Structure formats: C-alpha cells, structure tokens
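**Q** Next comes the structure file query_15.cif, holding mmCIF, C-alpha atoms.
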```
data_upload
#
loop_
_atom_site.label_atom_id
_atom_site.label_comp_id
_atom_site.auth_asym_id
_atom_site.auth_seq_id
_atom_site.Cartn_x
_atom_site.Cartn_y
_atom_site.Cartn_z
CA MET A 1 10.37 -35.15 -2.12
CA SER A 2 14.04 -34.26 -1.66
CA SER A 3 16.28 -35.94 0.91
CA PHE A 4 16.26 -32.75 2.96
CA ASP A 5 12.46 -32.53 2.89
CA SER A 6 11.97 -36.15 3.95
CA ALA A 7 14.53 -35.82 6.75
CA ALA A 8 13.06 -32.59 8.09
CA SER A 9 9.55 -34.08 7.89
CA LYS A 10 10.61 -36.99 10.09
CA LEU A 11 12.09 -34.60 12.61
CA ALA A 12 9.03 -32.35 12.51
CA ALA A 13 6.69 -35.31 13.12
CA ILE A 14 8.25 -35.86 16.55
CA ALA A 15 8.83 -32.16 17.24
CA PRO A 16 12.54 -32.13 18.23
CA PRO A 17 13.48 -29.58 20.91
CA PHE A 18 15.97 -27.81 18.64
CA PRO A 19 16.06 -26.01 15.28
CA LEU A 20 18.09 -27.41 12.40
CA GLU A 21 20.61 -24.60 12.75
CA ASP A 22 21.63 -25.94 16.17
CA LEU A 23 22.80 -29.29 14.82
CA PRO A 24 26.59 -29.84 14.99
CA ILE A 25 28.74 -28.77 12.06
CA ASP A 26 31.09 -31.72 12.52
CA SER A 27 29.57 -34.71 10.70
CA SER A 28 31.49 -37.09 12.98
CA ASN A 29 29.82 -35.70 16.10
CA GLU A 30 28.09 -38.55 17.97
CA MET A 31 24.88 -36.51 18.08
CA TRP A 32 24.33 -37.38 14.42
CA SER A 33 24.25 -41.09 15.27
CA ARG A 34 21.66 -40.48 17.97
CA ILE A 35 19.53 -38.38 15.61
CA GLU A 36 19.77 -41.02 12.87
CA SER A 37 18.60 -43.71 15.27
CA LYS A 38 15.90 -41.77 17.12
CA TYR A 39 14.19 -40.34 14.03
CA GLY A 40 14.71 -43.31 11.71
CA LEU A 41 16.74 -41.38 9.16
CA GLU A 42 18.32 -42.94 6.09
CA LEU A 43 21.95 -42.19 5.25
CA HIS A 44 21.01 -39.87 2.38
CA GLU A 45 18.70 -37.94 4.71
CA VAL A 46 21.44 -37.49 7.31
CA SER A 47 23.78 -36.28 4.56
CA ALA A 48 21.19 -33.75 3.37
CA LEU A 49 20.80 -32.37 6.90
CA GLN A 50 24.57 -32.13 7.30
CA ARG A 51 24.86 -30.22 4.01
CA TYR A 52 22.16 -27.83 5.16
CA VAL A 53 23.89 -27.11 8.47
CA LYS A 54 27.20 -26.56 6.68
CA GLN A 55 25.58 -24.19 4.18
CA GLN A 56 24.00 -22.20 7.00
CA GLN A 57 27.40 -21.72 8.60
CA GLN A 58 28.95 -20.73 5.28
CA GLN A 59 26.17 -18.22 4.70
CA GLN A 60 26.85 -16.58 8.06
CA GLN A 61 30.53 -16.30 7.16
CA LEU A 62 29.97 -14.74 3.74
CA PRO A 63 31.56 -11.32 3.25
CA SER A 64 28.93 -8.61 3.39
CA GLN A 65 29.56 -7.68 -0.26
CA ASN A 66 28.89 -11.23 -1.49
CA LEU A 67 25.84 -11.49 0.75
CA GLY A 68 24.50 -8.23 -0.65
CA GLN A 69 24.99 -9.51 -4.20
CA MET A 70 23.08 -12.68 -3.35
CA ILE A 71 20.23 -10.71 -1.80
CA ASN A 72 19.97 -8.47 -4.85
CA SER A 73 20.15 -11.38 -7.27
CA ASN A 74 17.53 -13.47 -5.48
CA THR A 75 15.23 -10.49 -4.96
CA GLU A 76 15.43 -9.36 -8.57
CA SER A 77 14.70 -12.86 -9.88
CA ILE A 78 11.54 -13.08 -7.78
CA TYR A 79 10.22 -9.64 -8.64
CA ASP A 80 11.12 -10.21 -12.30
CA GLY A 81 9.11 -13.43 -12.24
CA TRP A 82 6.14 -11.83 -10.52
CA SER A 83 6.09 -8.91 -12.95
CA ASN A 84 6.98 -10.90 -16.08
CA GLY A 85 4.60 -10.01 -18.90
CA VAL A 86 2.60 -7.61 -16.74
CA PHE A 87 2.68 -4.96 -19.46
CA ASP A 88 1.42 -7.50 -21.98
CA ASP A 89 -1.48 -8.64 -19.81
CA VAL A 90 -4.89 -8.28 -21.38
CA LEU A 91 -7.15 -6.57 -18.88
CA PRO A 92 -9.87 -9.02 -17.73
CA THR A 93 -13.37 -7.80 -18.53
CA THR A 94 -15.71 -10.61 -17.43
CA GLU A 95 -16.33 -12.09 -13.99
CA THR A 96 -14.71 -15.38 -14.99
CA GLU A 97 -11.63 -13.70 -16.46
CA LEU A 98 -11.22 -11.54 -13.38
CA ARG A 99 -11.62 -14.47 -11.00
CA ASN A 100 -9.09 -16.54 -12.95
CA ALA A 101 -6.61 -13.67 -13.01
CA VAL A 102 -6.70 -13.34 -9.22
CA GLN A 103 -6.51 -17.06 -8.50
CA LYS A 104 -3.87 -18.16 -11.01
CA GLU A 105 -0.62 -19.66 -9.71
CA LEU A 106 2.46 -17.47 -9.46
CA PRO A 107 5.32 -18.12 -11.91
CA VAL A 108 8.02 -17.81 -9.22
CA ALA A 109 7.95 -18.95 -5.58
CA LEU A 110 9.71 -17.58 -2.53
CA PRO A 111 12.56 -19.97 -1.68
CA THR A 112 12.83 -21.26 1.86
CA ALA A 113 14.71 -23.87 3.85
CA GLN A 114 11.95 -23.96 6.47
CA HIS A 115 9.28 -25.57 4.31
CA ALA A 116 9.56 -29.08 5.77
CA TRP A 117 9.34 -27.79 9.33
CA VAL A 118 5.63 -27.18 8.89
CA SER A 119 3.98 -30.26 10.33
CA GLY A 120 0.91 -32.08 9.08
CA ALA A 121 -1.11 -30.86 6.12
CA ASP A 122 -0.67 -27.15 6.86
CA VAL A 123 1.91 -26.32 4.21
CA PRO A 124 2.19 -23.34 1.86
CA VAL A 125 1.02 -23.63 -1.74
CA HIS A 126 3.96 -24.61 -3.95
CA ASP A 127 3.78 -21.61 -6.28
CA VAL A 128 4.21 -19.16 -3.38
CA VAL A 129 6.80 -20.93 -1.20
CA LEU A 130 9.22 -23.62 -2.37
CA ALA A 131 11.88 -25.49 -0.40
CA ARG A 132 15.47 -25.07 -1.56
CA GLU A 133 18.52 -26.86 -0.21
CA GLU A 134 21.04 -24.21 -1.30
CA ALA A 135 21.48 -21.78 1.58
CA SER A 136 22.49 -18.92 -0.72
CA ALA A 137 19.20 -19.22 -2.61
CA VAL A 138 17.06 -18.37 0.41
CA VAL A 139 18.70 -15.02 1.25
CA LEU A 140 16.17 -12.31 0.40
CA SER A 141 15.66 -8.57 0.76
CA SER A 142 13.87 -7.31 3.85
CA ASP A 143 10.56 -6.79 2.03
CA LEU A 144 10.46 -10.33 0.63
CA GLU A 145 11.72 -11.74 3.91
CA GLY A 146 8.82 -9.94 5.57
CA ILE A 147 6.35 -11.75 3.30
CA ARG A 148 8.00 -15.13 3.85
CA SER A 149 8.12 -14.62 7.60
CA ALA A 150 4.46 -13.58 7.70
CA ILE A 151 3.49 -16.78 5.88
CA PHE A 152 5.29 -19.06 8.33
CA LYS A 153 5.01 -17.08 11.55
CA GLY A 154 1.90 -14.95 11.12
CA ALA A 155 0.28 -14.27 14.46
CA TYR A 156 -2.34 -11.95 15.89
CA VAL A 157 -1.95 -9.90 19.03
CA GLY A 158 -5.41 -9.56 20.54
CA THR A 159 -8.83 -10.01 18.96
CA THR A 160 -9.83 -6.44 18.11
CA GLU A 161 -10.09 -4.97 14.63
CA ASP A 162 -6.69 -3.35 15.12
CA ALA A 163 -5.21 -6.82 15.64
CA THR A 164 -5.87 -7.63 11.98
CA HIS A 165 -3.93 -4.66 10.60
CA GLY A 166 -0.42 -6.07 10.94
CA THR A 167 -1.26 -9.39 9.29
CA ILE A 168 -3.22 -7.80 6.44
CA ASP A 169 -0.45 -5.28 5.84
CA ALA A 170 2.19 -8.04 5.69
CA LEU A 171 0.20 -10.38 3.43
CA VAL A 172 -1.81 -7.97 1.27
CA ALA A 173 -0.91 -4.28 1.45
CA ASN A 174 2.89 -4.51 1.43
CA PRO A 175 3.21 -7.11 -1.37
CA ILE A 176 0.82 -5.10 -3.54
CA LYS A 177 2.58 -1.79 -2.93
CA ASN A 178 6.06 -3.23 -3.49
CA LEU A 179 5.23 -4.99 -6.76
CA CYS A 180 3.31 -2.00 -8.13
CA LEU A 181 6.24 0.30 -7.41
CA ARG A 182 8.64 -2.21 -9.01
CA CYS A 183 6.50 -2.00 -12.15
CA GLY A 184 6.61 1.80 -12.18
CA CYS A 185 3.05 2.20 -10.92
CA ALA A 186 3.33 4.81 -8.16
CA VAL A 187 0.31 3.85 -6.09
CA GLN A 188 -0.58 5.68 -2.89
CA THR A 189 -2.05 4.00 0.17
CA ASN A 190 -3.59 5.01 3.46
CA ARG A 191 -5.43 3.56 6.40
CA ASN A 192 -8.63 4.95 7.83
CA GLY A 193 -7.94 7.64 10.37
CA THR A 194 -8.56 11.29 10.92
CA ASP A 195 -6.03 13.73 9.59
CA SER A 196 -4.11 16.13 11.81
CA SER A 197 -6.80 18.79 11.46
CA GLY A 198 -9.57 16.43 12.51
CA ALA A 199 -11.42 17.25 9.29
CA THR A 200 -11.51 13.81 7.67
CA LEU A 201 -14.89 12.15 7.88
CA LYS A 202 -13.60 8.80 9.14
CA ASN A 203 -16.79 6.75 9.12
CA LEU A 204 -17.24 7.20 5.36
CA ARG A 205 -13.84 5.76 4.50
CA PRO A 206 -12.79 2.11 4.09
CA ASP A 207 -10.14 0.79 6.49
CA PHE A 208 -7.53 0.46 3.74
CA LEU A 209 -7.32 2.52 0.56
CA LEU A 210 -5.09 2.37 -2.53
CA TRP A 211 -5.13 4.96 -5.31
CA LEU A 212 -3.65 4.62 -8.77
CA PRO A 213 -1.44 7.49 -10.00
CA SER A 214 -4.52 8.81 -11.83
CA GLY A 215 -6.27 9.32 -8.49
CA VAL A 216 -8.73 6.44 -8.94
CA LEU A 217 -9.45 4.49 -5.75
CA ALA A 218 -8.80 1.09 -7.35
CA PHE A 219 -8.39 -1.12 -4.26
CA LYS A 220 -9.81 -0.94 -0.75
CA GLY A 221 -10.42 -3.11 2.29
CA GLU A 222 -12.69 -3.42 5.30
CA GLU A 223 -11.70 -5.17 8.53
CA THR A 224 -13.72 -6.26 11.55
CA ALA A 225 -12.79 -7.81 14.88
CA PHE A 226 -12.64 -11.52 15.64
CA GLY A 227 -16.07 -13.05 16.12
CA VAL A 228 -17.81 -10.59 13.81
CA PRO A 229 -19.29 -12.28 10.69
CA ILE A 230 -17.35 -11.52 7.53
CA ARG A 231 -20.62 -10.49 5.89
CA ASN A 232 -20.45 -7.38 8.08
CA ALA A 233 -17.17 -6.37 6.42
CA ARG A 234 -18.69 -7.11 3.02
CA GLU A 235 -21.68 -4.94 3.89
CA ASP A 236 -19.33 -2.13 4.94
CA LEU A 237 -17.67 -2.34 1.52
CA ARG A 238 -21.03 -2.15 -0.24
CA SER A 239 -22.34 0.71 1.88
CA LYS A 240 -19.34 2.85 0.92
CA MET A 241 -19.73 2.04 -2.77
CA ASN A 242 -23.01 3.66 -3.74
CA VAL A 243 -21.99 5.11 -7.11
CA PHE A 244 -19.69 3.83 -9.85
CA SER A 245 -19.39 6.67 -12.35
CA ASP A 246 -16.85 8.33 -14.63
CA THR A 247 -16.64 11.18 -12.13
CA PHE A 248 -14.85 8.92 -9.64
CA PHE A 249 -13.45 6.10 -11.78
CA GLY A 250 -12.84 7.51 -15.24
CA THR A 251 -12.91 4.50 -17.56
CA VAL A 252 -11.74 1.94 -14.96
CA PRO A 253 -14.11 -1.07 -15.31
CA TYR A 254 -14.02 -2.28 -11.70
CA GLN A 255 -12.74 -1.67 -8.21
CA LEU A 256 -10.96 -4.48 -6.33
CA ALA A 257 -11.39 -5.01 -2.60
CA TYR A 258 -11.02 -7.33 0.36
CA ALA A 259 -13.20 -8.03 3.38
CA CYS A 260 -11.51 -9.29 6.53
CA SER A 261 -13.09 -10.59 9.72
CA GLY A 262 -10.59 -11.65 12.36
CA SER A 263 -8.43 -14.30 10.71
CA HIS A 264 -10.54 -14.73 7.57
CA VAL A 265 -10.30 -12.70 4.39
CA GLU A 266 -11.92 -12.85 0.97
CA PHE A 267 -11.43 -10.77 -2.15
CA VAL A 268 -14.20 -9.19 -4.20
CA ALA A 269 -14.70 -6.75 -7.06
CA PHE A 270 -17.26 -4.06 -7.79
CA MET A 271 -17.87 -4.12 -11.54
CA ARG A 272 -19.24 -1.30 -13.66
CA THR A 273 -22.79 -1.77 -14.96
CA ASN A 274 -25.10 0.13 -17.30
CA THR A 275 -26.36 2.03 -14.28
CA GLN A 276 -24.31 3.80 -11.64
CA ARG A 277 -24.86 0.92 -9.22
CA PRO A 278 -21.92 -1.54 -9.38
CA ARG A 279 -22.29 -5.32 -9.31
CA GLU A 280 -20.42 -7.11 -6.52
CA VAL A 281 -18.46 -10.20 -7.57
CA GLN A 282 -16.73 -12.62 -5.19
CA LEU A 283 -13.25 -13.42 -6.54
CA THR A 284 -12.03 -15.94 -3.94
CA ASN A 285 -13.35 -18.17 -1.23
CA SER A 286 -12.75 -17.18 2.37
CA VAL A 287 -9.09 -17.71 3.31
CA ASP A 288 -8.07 -18.73 6.83
CA LEU A 289 -5.12 -16.56 7.83
CA SER A 290 -4.50 -18.59 10.97
CA THR A 291 -2.92 -21.30 8.77
CA VAL A 292 0.28 -21.36 6.74
CA ASN A 293 -1.63 -22.59 3.71
CA GLY A 294 -4.18 -19.79 3.98
CA ARG A 295 -1.55 -17.09 4.40
CA SER A 296 0.35 -18.34 1.34
CA LEU A 297 -2.86 -18.32 -0.71
CA CYS A 298 -3.49 -14.76 0.42
CA VAL A 299 -0.06 -13.73 -0.89
CA ARG A 300 -0.84 -15.37 -4.24
CA TYR A 301 -4.04 -13.34 -4.53
CA ALA A 302 -2.26 -10.13 -3.46
CA ILE A 303 0.48 -10.50 -6.08
CA ASN A 304 -2.08 -11.14 -8.82
CA ILE A 305 -4.12 -8.14 -7.69
CA ALA A 306 -0.97 -6.02 -7.92
CA ARG A 307 -0.57 -7.16 -11.54
CA LEU A 308 -4.19 -6.17 -12.20
CA LEU A 309 -3.65 -2.74 -10.67
CA VAL A 310 -0.65 -2.16 -12.93
CA ALA A 311 -2.76 -3.21 -15.93
CA LEU A 312 -5.58 -0.89 -14.82
CA ASP A 313 -3.15 2.00 -14.53
CA ARG A 314 -1.73 1.31 -17.99
CA ALA A 315 -5.19 1.11 -19.57
CA ASN A 316 -6.48 4.20 -17.74
CA PRO A 317 -3.46 6.47 -17.26
CA GLY A 318 -5.13 9.77 -16.52
CA GLY A 319 -8.16 11.97 -16.58
CA ASP A 320 -9.89 14.25 -14.15
CA VAL A 321 -11.48 12.22 -11.38
CA VAL A 322 -12.73 13.08 -7.93
CA ARG A 323 -10.43 11.31 -5.50
CA LEU A 324 -12.55 9.07 -3.28
CA GLY A 325 -11.66 8.32 0.33
CA GLU A 326 -10.65 11.85 1.24
CA THR A 327 -14.01 13.34 2.16
CA VAL A 328 -13.41 16.51 4.12
CA ILE A 329 -15.91 18.41 6.22
CA THR A 330 -15.56 21.80 7.80
CA PRO A 331 -14.75 21.31 11.49
CA THR A 332 -17.29 22.81 13.83
CA SER A 333 -16.02 25.49 16.14
#
```
What do you get writing this file as structure tokens?

**A**
Amino acid sequence: MSSFDSAASKLAAIAPPFPLEDLPIDSSNEMWSRIESKYGLELHEVSALQRYVKQQQQQQQLPSQNLGQMINSNTESIYDGWSNGVFDDVLPTTETELRNAVQKELPVALPTAQHAWVSGADVPVHDVVLAREEASAVVLSSDLEGIRSAIFKGAYVGTTEDATHGTIDALVANPIKNLCLRCGCAVQTNRNGTDSSGATLKNLRPDFLLWLPSGVLAFKGEETAFGVPIRNAREDLRSKMNVFSDTFFGTVPYQLAYACSGSHVEFVAFMRTNTQRPREVQLTNSVDLSTVNGRSLCVRYAINIARLLVALDRANPGGDVVRLGETVITPTS
C-alpha cells in the first residue's frame, strides 16, 4: 500500500468532515500538525497527502491546452488497453470459454485518487479502478469519468423499474457502446418504448437492445423493480427468445444478455443448439450494484462483453437477417 493510500485509509476510518481537496496548500499550516496527531499519521503519510493537495491545485491551474492533451492521452491509453488484441481474439465457442471471456480481468484500470476514501471492505476490483498519486494521471474524458463516477457514487432514485435505467446505462450500456465504437463496430442501441406512431409492440421487446451493424440483436437486457425476484427478469429474457435461427441471427453462435432486478444484475447467454430452441447459460453470479465492488465488477463484465460483440461482428459481418426487437403492428383506427 502506498503512503497516500495508508494515509487516506486512516482518515477514512474516522470519517473526517472534509475532503482531501480542502486541506491547506501550505505545508507549514498548523492544521497539518493537528491532522497528524488526530489520525495517527506517519511523516511519510503526511508528505504524501501534502503532495496530493499540491498536485490538485496544479491541475486546476493547468492551461486548458495542456489539460486537453492530458485528457486525450489518458483516455487513449485506457481505450487502447481495453481494445488491445480485440481483433486477434478467438471467438469463444463453449460455455466455459464464454464464461471465462466475460469474467477475465481487464488489462488496464481506470486511475483514481479517490480509491482510499472507500471505507471498509467495499473497494473496487483492482483491474477496473486503481489508485494513482499523480494528479495528471486521473484526468479523463467525460465518458470515462462517467464510468468512474458511477462506480464510486452510483445511486438509485426511487425503487421502480425506471430507477434502474440510469445505473445500468452508466455501468453497462455506455461502456459497451463506447468501446464498440472505438473499435469500429457501429452498434445501435435502444430502450423499450413505443415509437412516435404508436405502432411498436412494446410488450414483446426487451428493455434494452443492441444490434450489430449486420442487424443481429446480439445483446439485450431485462429490468424489474426493487423487490421483484431476479428470476422474473430472467424469465422475461427467455420468454422473448423462443427461436434461435439463421433467419434472425445468421451464423452468430449466441446472444448475450443481462437480467437486472433492483440493484442486482447478472449476465447470461443464449447459445445456439441443434434445434431452434437456444440453451441458456449463466455467465456471472449476481452482482450487487449497491456496492462499489459490485459496480466495478459490472464494468469489468461490460467491457469484456463489448470485446465479444466486436469479435462477433468481425466473425459475422453481414447477411440478410430479420432485425429483432422492432416488431411493428398496424395501429387500429
């Protein structure tokens, strides 16, 4: 553990009534002596905190051009790491291979200076979020900052099904869309809802849908309100997946999906069989999105699913398929 981590952990254990950024810039300020005494800090820990505060001030004073260069550099390094080798990936074909592909650790983590402020055992997994002492290293683009913020500050407003949308979008939908687009895979997404004509048959569509450029519905999700068993969301996924045929999926071997109930989510796949009835496979355990650790795990799974979607698109680039999720009926007069 770094000096900064150990110092911030000691402060977090007693829950100080101030953020690190509010500590004095002047290292000779008497407040530092009081902090050192009250929280039992060692000299090297005090020095690490002072460096952090100074770096934060320097970051705020950076010219906008330099700040923009840092944002671009940090953002590119993360996306490059997440997409590294994606075009060389061998498409998983078995349940075990698919499960391992979704659960494997990420090669690059989001940097943060807030890591040690998470108290107790509820900390993010190290391959998704990693503490850095250099202030310039934690400046990210708005899309990556959105992911990092959702991991640390994720919160629900209400307990209805709609209350899950914002969290799922921040931790699953947005990371997947952004990485796919970075890899040149122009996916399209939509949420369940009637179109402007009122012709869309809403109750036959999943809550979240993602199509590959070929038109294949390769990823979908079902969400239920707090207090509803997650098996209900899983059943909704199954009920809207009656046929797995070339007509709808071309040569794609499986469809990926998530089921979400309140603050819990799990990822599954529907795998092609010798019949037109797919086999459901659970890819992850249930993840608790009310915790920092759970939200960071969810991001890991989302990034790996994005890599799988890019691989699916590469292996199945085209073909005439019926686009699922856009069932239209003639409105009655």

**Q** Tell me, in Å to one decimal, how far atom CA of A:Ser73 is from atom CA of A:Cys185.

**A**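 Separation of atom CA of A:Ser73 and atom CA of A:Cys185: 22.1 Å.
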
**Q** Translate the PyMOL selection byres ((chain A and resi 223) around 8), as applied to the file shown, into an explicit residue set as a ChimeraX atom specification.

**A** /A:161,164,207,221-222,224-225,233,259-262

**Q** Could you check how far atom CA of A:Val86 sits from atom CA of A:Leu181, in Å to one decimal?

**A** 12.8 Å

**Q** I'd like the interatomic distance between atom CA of A:Asp169 and atom CA of A:Ala113, to a tenth of an Å.

**A**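 Between atom CA of A:Asp169 and atom CA of A:Ala113 the gap works out to 24.1 Å.
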
**Q** Please return as a list in words every residue within 12 Å of (1.0, -21.8, -12.2), taking into account only C-alpha atoms and the file's own coordinates.

**A** Gly81, Trp82, Asn100, Ala101, Val102, Gln103, Lys104, Glu105, Leu106, Pro107, Val108, Ala109, Val125, His126, Asp127, Val128, Arg300 and Asn304 of chain A
